[in-house]
Every structure is written in C-alpha cells, then in structure tokens.
Amino acid sequence: MKTYRIAAIPGDGIGTEVVDAGVEVLAAVAKRDGGFAVAVDRFDWGGAYYKKHGRMMPENGRDLIRRHDAILFGSAGHPDIPDHVTLWGLRLAICQPFDQYANVRPTRVLPGITSPLRHVNGGELDWVIVRENSEGEYAGVGGRVHQGSPLEAATDVAMFTRAGVERIMRFAFGLARSRPRKLLTVVTKSNAQRHAMVMWDEIAVQVAAEFPDVEWDKMLVDAMTMRMVIRPQTIDTVVATNLHADILSDLAAALAGSLGIAPTANLNPERAFPSMFEPIHGSAFDIMGKGIANPIGTFWSTVMMLEHLGEPAAAGRLMQAIEKVTADPRFHTPDLGGAARTTDVTVAVIDAVHGANV
C-alpha cells in the first residue's frame, strides 16, 4: 500500500484549527479508500516560533519538508508581527525556493451556499484562476534608502522573465484545454504598464498558437473585476500575474459566498519539490479559539492535494462529501450565516465520506 508523507504546517491563528480538521478528514478518506495511507508530520512554525527564535521557521526548515509528498498549510499572519515578516518568513520562504510557480484557485458556488451576486447559480460561476506565483511585485526585488528622512524612497520592482511568463501561460492554456469549455481569459494591464505587461501579452499570443483548440481572450484587470460581477457566465479559466490574481481570487471567493470555502494549490508542476495546499482565508485572529472557523476551504484544498497525488477517486469522494455537507444549512459556520462549529462540519464531512447520512 502506498503511504504519502504529508507535512502539516498550521501556522498562525485559525490555521491550527482548520489544519487539524484537514488532517482528520484526510485520514478518514484514506481509511475509506483503502488503497493508500497517510503519514503526517506536524511542524509548528509561525508567529509563536518567531517570538521564541526570531524567525518564522528553523534555518533548515525546507530540508525537513523537502522529501514529503505534499504540504498542508494553514495560514501566516500574527497581530504582533509585521505582515511582511510573517509572509516572507514562512509562506513565501517555502513557495519560492520550492518553485511552486503555479497557484491554482478554483471557484464555485457550492450546494447550499448563496452567492452575493444576483440571479447567479452554481453553473454560472465555475472558474479556475491561475496565479503566477513567483514573479511580479512579489519577486522581492527592491529596497529602501534614506529611511526616516524627507528624502526616503522605496521601490518594489515588478520583475517578469520570459521563462516565467511562458511556463505559467503554458500551464494555464493546458488547464483550460482539460476543462469542458476550453476557454481562457488572459488578464493584464498593458495599457498602463507598457513594458512587462506588453511582454505578457506578446507571450500569450505566442503560446496560444500551441493550443489551437483553446478559445481565449484578453482583459485589463480593472475591467475583469467588472466582468466577474456582471458577466460571470462568460468566464472559465483565468491566468493573471501574481498581484492581479491575488486580488481577483479573493474577489472570486467572496462572490462564491465566503473566503472560508476557498482552496488553493501552490504547485511545482515538474514535481521537483513538494507542492503546498492551503485555504486562502488567512489567520483570522478575531475568531481564533472560538471553534467557529470554516474548515471547508481546507477540505477543498485537501481534494486538490489528493488529485495532485494521483488519487482521483478519493478526491472525488471527498468533494462529494463536502458538497453534501454544504447543502445542509445545519453545517453552515457563521461566515455563511449559520451557527455550526468547526467540529460539527468536520464530523459531518467524515460521516459523509463513510457514506453515512448527515
């Protein structure tokens, strides 16, 4: 029997609560499937580790998780630590060296969940946003000079390479090809950003020639926000830069009903390094310890992990269980307007995985 080694990194805030729930559900799926097992190693890195050691994870942290098959991540962010320290010290310290350059965020209105969009049903909002995950404004290129003086200046340089843009375009076109509609929207801002974004547009045209069966169009990022709200049925697969897709995917999650249900896969498609799977909701310290965090985003991220590991049947079974549970208002957490607790949702999903009525 195949055993997958999973590195669980809860991080901060509600990350511990949802990752613990995710590990429970993953174990239940493995037990139900019977064809594989999971061995989970927990790494308590994050804000508490930083307060004790002055860094978000140990210096050899990546070496400790490099040989795992996948990473289940909770959240990074602590009210006592600057956000750039928590992000660059943990999440980006894993994503970038492990070359997890394809960030994939599916969006659907799950059964039982109401979209804030008027007259929208699940079939009209079924998207996948592909976010370039290693370049752009998040490349870490820049600096500050004359700090504290009237002449202080700061730069964050949006760095794009042909190799980086080509590989994310090919990934996005390939993903669009694998979906029924074979439709891709390339998001850009080349009217104002006349160098890197123009290169982005040119590369899109070149890569599109390799995928003649994929229909594609191009949108400026500001116009794309309007299209997501007014004409959601015209969208299927989307590819955008690191910053643009970061913003668009949060909008997409809100339009689907809640940030609490939205999953993410940070993929190294070549599998030279482990890929990382996480909910997008953040650390949410305001509800930490209250037992009301929505674990659905983590469970859906686990579905994506199982797909990546080559366990499509188990992934499908878990997704069906998630949809069965979200369809029942008894299991809606407060972010969805309900009163369910994290444990209620977790137990219900595990019961659904085993085929029990919930």
# chains A, B, ... in the order shown; residues from 1 in each chain; ligands from 1

call {"tool": "residues_around", "arguments": {"residues": "segment 320-322 of chain A", "least_positions_apart": "6", "cutoff": "6 Å", "atoms": "only C-alpha atoms", "output": "PyMOL selection string"}}
result
chain A and resi 349+352-353

call {"tool": "select_by_dssp", "arguments": {"residues": "segment 50-269 of chain A", "states": "alpha helix (DSSP H)", "output": "number ranges by chain"}}
result
A: 50-53, 61-65, 83-86, 92-95, 162-178, 196-208, 221-230, 242-255

call {"tool": "write_last_selection", "arguments": {"atoms": "C-alpha atoms", "output": "CSV table (one decimal), in the first residue's frame"}}
result
chain,number,residue,atom,x,y,z
A,50,TYR,CA,9.2,33.6,15.8
A,51,LYS,CA,8.7,35.1,19.2
A,52,LYS,CA,10.9,32.3,20.7
A,53,HIS,CA,13.5,32.1,18.0
A,61,GLY,CA,13.1,24.1,7.7
A,62,ARG,CA,12.9,23.5,4.0
A,63,ASP,CA,15.3,20.5,4.3
A,64,LEU,CA,12.9,19.0,6.8
A,65,ILE,CA,9.9,19.0,4.4
A,83,ASP,CA,2.8,41.1,7.9
A,84,HIS,CA,5.8,41.2,5.6
A,85,VAL,CA,7.8,39.3,8.2
A,86,THR,CA,5.3,36.5,8.6
A,92,LEU,CA,7.0,32.7,0.6
A,93,ALA,CA,10.0,31.1,2.2
A,94,ILE,CA,8.5,27.8,1.1
A,95,CYS,CA,6.8,28.7,-2.1
A,162,ARG,CA,10.2,35.3,-20.4
A,163,ALA,CA,10.8,31.9,-18.9
A,164,GLY,CA,8.5,32.6,-16.0
A,165,VAL,CA,5.7,34.0,-18.2
A,166,GLU,CA,5.9,31.3,-20.8
A,167,ARG,CA,5.7,28.5,-18.2
A,168,ILE,CA,2.6,29.9,-16.5
A,169,MET,CA,0.9,30.6,-19.8
A,170,ARG,CA,1.5,27.0,-21.0
A,171,PHE,CA,0.2,25.7,-17.7
A,172,ALA,CA,-2.9,27.9,-17.9
A,173,PHE,CA,-3.6,27.0,-21.6
A,174,GLY,CA,-3.1,23.3,-20.7
A,175,LEU,CA,-5.5,23.6,-17.8
A,176,ALA,CA,-8.1,25.4,-19.9
A,177,ARG,CA,-7.8,22.6,-22.5
A,178,SER,CA,-8.5,20.0,-19.9
A,196,ALA,CA,6.4,43.9,-18.6
A,197,MET,CA,2.7,43.7,-19.3
A,198,VAL,CA,3.2,44.2,-23.0
A,199,MET,CA,5.7,41.2,-22.9
A,200,TRP,CA,3.0,39.3,-21.0
A,201,ASP,CA,0.5,40.0,-23.9
A,202,GLU,CA,3.0,39.0,-26.6
A,203,ILE,CA,3.9,35.8,-24.9
A,204,ALA,CA,0.2,34.9,-24.6
A,205,VAL,CA,-0.2,35.3,-28.3
A,206,GLN,CA,2.8,33.0,-29.0
A,207,VAL,CA,1.8,30.3,-26.5
A,208,ALA,CA,-1.8,30.4,-27.8
A,221,VAL,CA,-7.5,43.8,-14.7
A,222,ASP,CA,-9.8,46.6,-13.8
A,223,ALA,CA,-12.3,45.6,-16.5
A,224,MET,CA,-12.0,42.0,-15.3
A,225,THR,CA,-13.4,42.9,-11.8
A,226,MET,CA,-16.5,44.3,-13.5
A,227,ARG,CA,-16.8,41.2,-15.8
A,228,MET,CA,-16.6,38.9,-12.8
A,229,VAL,CA,-19.6,40.6,-11.2
A,230,ILE,CA,-21.7,41.5,-14.2
A,242,ASN,CA,1.0,37.4,-9.0
A,243,LEU,CA,-0.5,40.6,-7.8
A,244,HIS,CA,-3.5,40.8,-10.1
A,245,ALA,CA,-4.6,37.2,-9.5
A,246,ASP,CA,-4.1,37.6,-5.7
A,247,ILE,CA,-6.7,40.3,-5.7
A,248,LEU,CA,-9.0,38.7,-8.3
A,249,SER,CA,-9.1,35.4,-6.5
A,250,ASP,CA,-10.2,36.9,-3.2
A,251,LEU,CA,-13.0,38.7,-5.1
A,252,ALA,CA,-13.9,35.4,-6.7
A,253,ALA,CA,-14.1,33.7,-3.2
A,254,ALA,CA,-16.3,36.4,-1.9
A,255,LEU,CA,-18.6,36.1,-5.0

call {"tool": "atom_distance", "arguments": {"atom1": "atom CA of Ser134 of chain A", "atom2": "atom CA of Gly54 of chain A"}}
result
25.1 Å

call {"tool": "select_by_dssp", "arguments": {"residues": "segment 33-234 of chain A", "states": "strand (DSSP E)", "output": "PyMOL selection string"}}
result
chain A and resi 36-42+70-75+102-108+126-132+136-145+153-159+183-188+215-220

call {"tool": "atom_distance", "arguments": {"atom1": "atom CA of Gly13 of chain A", "atom2": "atom CA of Leu110 of chain A"}}
result
25.3 Å

call {"tool": "atom_distance", "arguments": {"atom1": "atom CA of Lys31 of chain A", "atom2": "atom CA of Pro312 of chain A"}}
result
15.1 Å

call {"tool": "residues_around", "arguments": {"residues": "segment 89-91 of chain A", "least_positions_apart": "2", "cutoff": "12 Å", "atoms": "only C-alpha atoms", "output": "short mmCIF file (atom, residue, chain, number, x, y, z; two decimals) with N, CA and C atoms, in the first residue's frame"}}
result
data_model
loop_
_atom_site.label_atom_id
_atom_site.label_comp_id
_atom_site.auth_asym_id
_atom_site.auth_seq_id
_atom_site.Cartn_x
_atom_site.Cartn_y
_atom_site.Cartn_z
N ILE A 9 1.65 22.16 8.32
CA ILE A 9 2.18 23.39 8.91
C ILE A 9 0.98 24.29 9.24
N PRO A 10 0.47 24.24 10.46
CA PRO A 10 -0.73 25.02 10.79
C PRO A 10 -0.51 26.52 10.70
N GLY A 11 0.67 27.01 11.08
CA GLY A 11 0.92 28.44 11.04
C GLY A 11 0.24 29.16 12.20
N ASP A 12 -0.47 30.25 11.89
CA ASP A 12 -1.00 31.12 12.93
C ASP A 12 -2.52 31.16 12.95
N PHE A 43 4.62 20.46 11.84
CA PHE A 43 5.69 21.43 12.06
C PHE A 43 5.07 22.72 12.59
N ASP A 44 5.29 23.01 13.86
CA ASP A 44 4.66 24.16 14.50
C ASP A 44 5.50 25.41 14.30
N TRP A 45 5.51 25.86 13.06
CA TRP A 45 6.23 27.08 12.71
C TRP A 45 5.23 28.22 12.58
N GLY A 46 5.70 29.45 12.78
CA GLY A 46 4.80 30.59 12.66
C GLY A 46 5.14 31.66 13.68
N GLY A 47 4.11 32.40 14.09
CA GLY A 47 4.32 33.52 14.98
C GLY A 47 4.87 33.13 16.33
N TYR A 49 6.68 30.53 17.04
CA TYR A 49 8.07 30.13 16.82
C TYR A 49 8.94 31.37 16.67
N TYR A 50 8.43 32.38 15.97
CA TYR A 50 9.18 33.62 15.76
C TYR A 50 9.46 34.32 17.09
N GLY A 54 13.08 34.20 16.84
CA GLY A 54 13.43 35.32 15.98
C GLY A 54 13.33 35.03 14.50
N ARG A 55 12.70 33.94 14.16
CA ARG A 55 12.46 33.59 12.77
C ARG A 55 11.20 32.72 12.71
N MET A 56 10.55 32.70 11.54
CA MET A 56 9.26 32.02 11.42
C MET A 56 9.39 30.51 11.34
N MET A 57 10.54 30.04 10.88
CA MET A 57 10.77 28.60 10.83
C MET A 57 12.27 28.37 10.96
N PRO A 58 12.71 27.17 11.31
CA PRO A 58 14.14 26.95 11.50
C PRO A 58 14.92 27.12 10.21
N GLU A 59 16.19 27.38 10.36
CA GLU A 59 17.04 27.62 9.20
C GLU A 59 17.05 26.45 8.23
N GLY A 61 14.51 24.46 7.82
CA GLY A 61 13.11 24.07 7.71
C GLY A 61 12.76 23.42 6.38
N ARG A 62 13.23 24.02 5.30
CA ARG A 62 12.91 23.45 3.98
C ARG A 62 13.50 22.06 3.82
N ILE A 71 2.44 19.32 1.12
CA ILE A 71 2.40 20.16 2.32
C ILE A 71 0.98 20.67 2.50
N LEU A 72 0.43 20.54 3.71
CA LEU A 72 -0.86 21.13 4.06
C LEU A 72 -0.56 22.31 4.97
N PHE A 73 -0.92 23.50 4.49
CA PHE A 73 -0.57 24.75 5.18
C PHE A 73 -1.83 25.43 5.69
N GLY A 74 -1.73 26.07 6.86
CA GLY A 74 -2.87 26.76 7.45
C GLY A 74 -2.92 28.23 7.09
N SER A 75 -2.12 29.04 7.76
CA SER A 75 -2.12 30.46 7.47
C SER A 75 -0.87 31.09 8.06
N ALA A 76 -0.49 32.24 7.53
CA ALA A 76 0.62 33.03 8.06
C ALA A 76 0.09 34.43 8.34
N GLY A 77 0.34 34.92 9.54
CA GLY A 77 -0.12 36.25 9.90
C GLY A 77 -0.36 36.31 11.40
N HIS A 78 0.27 37.29 12.07
CA HIS A 78 0.18 37.41 13.52
C HIS A 78 0.06 38.88 13.88
N ILE A 81 3.31 40.72 14.84
CA ILE A 81 4.46 40.64 13.94
C ILE A 81 4.08 41.29 12.62
N PRO A 82 4.93 42.15 12.04
CA PRO A 82 4.59 42.78 10.76
C PRO A 82 4.27 41.73 9.69
N ASP A 83 3.27 42.05 8.87
CA ASP A 83 2.81 41.08 7.87
C ASP A 83 3.91 40.65 6.91
N HIS A 84 4.79 41.58 6.52
CA HIS A 84 5.83 41.19 5.58
C HIS A 84 6.82 40.20 6.20
N VAL A 85 6.96 40.26 7.52
CA VAL A 85 7.85 39.31 8.21
C VAL A 85 7.22 37.92 8.20
N THR A 86 5.93 37.84 8.53
CA THR A 86 5.28 36.53 8.57
C THR A 86 5.18 35.91 7.18
N LEU A 87 4.87 36.73 6.16
CA LEU A 87 4.70 36.20 4.81
C LEU A 87 6.03 35.73 4.23
N ALA A 93 8.78 31.79 1.98
CA ALA A 93 10.05 31.09 2.19
C ALA A 93 9.96 29.63 1.77
N ILE A 94 8.74 29.12 1.62
CA ILE A 94 8.53 27.77 1.11
C ILE A 94 8.19 27.81 -0.37
N CYS A 95 7.23 28.66 -0.75
CA CYS A 95 6.76 28.70 -2.14
C CYS A 95 7.87 29.00 -3.14
N GLN A 96 8.66 30.02 -2.85
CA GLN A 96 9.62 30.45 -3.86
C GLN A 96 10.80 29.49 -4.03
N PRO A 97 11.48 29.09 -2.96
CA PRO A 97 12.58 28.12 -3.16
C PRO A 97 12.11 26.77 -3.70
N PHE A 98 10.88 26.39 -3.39
CA PHE A 98 10.35 25.14 -3.92
C PHE A 98 9.72 25.33 -5.30
N GLN A 100 7.13 26.73 -6.52
CA GLN A 100 5.70 26.47 -6.65
C GLN A 100 5.09 27.63 -7.44
N ASN A 133 3.03 32.60 -9.48
CA ASN A 133 3.28 32.56 -8.04
C ASN A 133 4.71 32.86 -7.64
N SER A 134 5.54 33.35 -8.59
CA SER A 134 6.95 33.52 -8.23
C SER A 134 7.54 34.84 -8.68
N ASN A 266 -0.56 25.45 -4.42
CA ASN A 266 0.69 26.04 -4.88
C ASN A 266 1.52 24.91 -5.48
N MET A 276 2.23 22.67 -2.22
CA MET A 276 1.62 23.07 -0.95
C MET A 276 0.16 23.47 -1.17
N PHE A 277 -0.70 23.03 -0.25
CA PHE A 277 -2.14 23.22 -0.38
C PHE A 277 -2.66 23.93 0.86
N GLU A 278 -3.51 24.95 0.65
CA GLU A 278 -3.92 25.80 1.76
C GLU A 278 -5.25 26.49 1.48
N ILE A 280 -7.49 29.96 1.60
CA ILE A 280 -7.00 31.32 1.35
C ILE A 280 -7.42 32.32 2.42
N GLY A 282 -6.66 33.18 5.50
CA GLY A 282 -5.78 33.90 6.42
C GLY A 282 -5.93 33.43 7.85
#

call {"tool": "decode", "arguments": {"residues": "segment 283-301 of chain A", "atoms": "N, CA and C atoms", "output": "PDB file, in the first residue's frame"}}
result
ATOM      1  N   SER A 283      -5.241  34.136   8.760  1.00  0.00           N
ATOM      2  CA  SER A 283      -5.142  33.657  10.138  1.00  0.00           C
ATOM      3  C   SER A 283      -6.349  34.007  11.003  1.00  0.00           C
ATOM      4  N   ALA A 284      -7.104  35.045  10.650  1.00  0.00           N
ATOM      5  CA  ALA A 284      -8.376  35.388  11.319  1.00  0.00           C
ATOM      6  C   ALA A 284      -8.271  35.320  12.836  1.00  0.00           C
ATOM      7  N   PHE A 285      -7.359  36.100  13.394  1.00  0.00           N
ATOM      8  CA  PHE A 285      -7.151  36.074  14.843  1.00  0.00           C
ATOM      9  C   PHE A 285      -8.401  36.492  15.623  1.00  0.00           C
ATOM     10  N   ASP A 286      -9.309  37.219  14.970  1.00  0.00           N
ATOM     11  CA  ASP A 286     -10.513  37.664  15.682  1.00  0.00           C
ATOM     12  C   ASP A 286     -11.428  36.515  16.075  1.00  0.00           C
ATOM     13  N   ILE A 287     -11.309  35.377  15.394  1.00  0.00           N
ATOM     14  CA  ILE A 287     -12.157  34.229  15.765  1.00  0.00           C
ATOM     15  C   ILE A 287     -11.326  33.046  16.257  1.00  0.00           C
ATOM     16  N   MET A 288     -10.023  33.234  16.411  1.00  0.00           N
ATOM     17  CA  MET A 288      -9.164  32.135  16.861  1.00  0.00           C
ATOM     18  C   MET A 288      -9.623  31.614  18.222  1.00  0.00           C
ATOM     19  N   GLY A 289      -9.700  30.300  18.349  1.00  0.00           N
ATOM     20  CA  GLY A 289     -10.050  29.680  19.609  1.00  0.00           C
ATOM     21  C   GLY A 289     -11.523  29.631  19.911  1.00  0.00           C
ATOM     22  N   LYS A 290     -12.352  30.213  19.057  1.00  0.00           N
ATOM     23  CA  LYS A 290     -13.794  30.209  19.284  1.00  0.00           C
ATOM     24  C   LYS A 290     -14.474  28.958  18.716  1.00  0.00           C
ATOM     25  N   GLY A 291     -13.724  28.198  17.931  1.00  0.00           N
ATOM     26  CA  GLY A 291     -14.281  26.958  17.393  1.00  0.00           C
ATOM     27  C   GLY A 291     -15.271  27.156  16.279  1.00  0.00           C
ATOM     28  N   ILE A 292     -15.222  28.313  15.595  1.00  0.00           N
ATOM     29  CA  ILE A 292     -16.218  28.592  14.558  1.00  0.00           C
ATOM     30  C   ILE A 292     -15.578  28.794  13.188  1.00  0.00           C
ATOM     31  N   ALA A 293     -14.284  28.517  13.059  1.00  0.00           N
ATOM     32  CA  ALA A 293     -13.616  28.671  11.759  1.00  0.00           C
ATOM     33  C   ALA A 293     -14.208  27.687  10.756  1.00  0.00           C
ATOM     34  N   ASN A 294     -14.377  28.143   9.536  1.00  0.00           N
ATOM     35  CA  ASN A 294     -14.922  27.293   8.477  1.00  0.00           C
ATOM     36  C   ASN A 294     -13.801  26.419   7.914  1.00  0.00           C
ATOM     37  N   PRO A 295     -13.896  25.098   8.046  1.00  0.00           N
ATOM     38  CA  PRO A 295     -12.826  24.229   7.544  1.00  0.00           C
ATOM     39  C   PRO A 295     -12.993  23.812   6.091  1.00  0.00           C
ATOM     40  N   ILE A 296     -14.069  24.284   5.424  1.00  0.00           N
ATOM     41  CA  ILE A 296     -14.348  23.812   4.067  1.00  0.00           C
ATOM     42  C   ILE A 296     -13.216  24.168   3.111  1.00  0.00           C
ATOM     43  N   GLY A 297     -12.635  25.358   3.245  1.00  0.00           N
ATOM     44  CA  GLY A 297     -11.522  25.730   2.369  1.00  0.00           C
ATOM     45  C   GLY A 297     -10.350  24.768   2.506  1.00  0.00           C
ATOM     46  N   THR A 298     -10.098  24.310   3.719  1.00  0.00           N
ATOM     47  CA  THR A 298      -9.027  23.339   3.950  1.00  0.00           C
ATOM     48  C   THR A 298      -9.398  21.980   3.368  1.00  0.00           C
ATOM     49  N   PHE A 299     -10.654  21.577   3.537  1.00  0.00           N
ATOM     50  CA  PHE A 299     -11.078  20.292   2.985  1.00  0.00           C
ATOM     51  C   PHE A 299     -10.984  20.307   1.455  1.00  0.00           C
ATOM     52  N   TRP A 300     -11.409  21.396   0.839  1.00  0.00           N
ATOM     53  CA  TRP A 300     -11.323  21.501  -0.627  1.00  0.00           C
ATOM     54  C   TRP A 300      -9.859  21.527  -1.072  1.00  0.00           C
ATOM     55  N   SER A 301      -9.001  22.178  -0.297  1.00  0.00           N
ATOM     56  CA  SER A 301      -7.566  22.148  -0.598  1.00  0.00           C
ATOM     57  C   SER A 301      -7.033  20.725  -0.527  1.00  0.00           C
TER      58      SER A 301
END
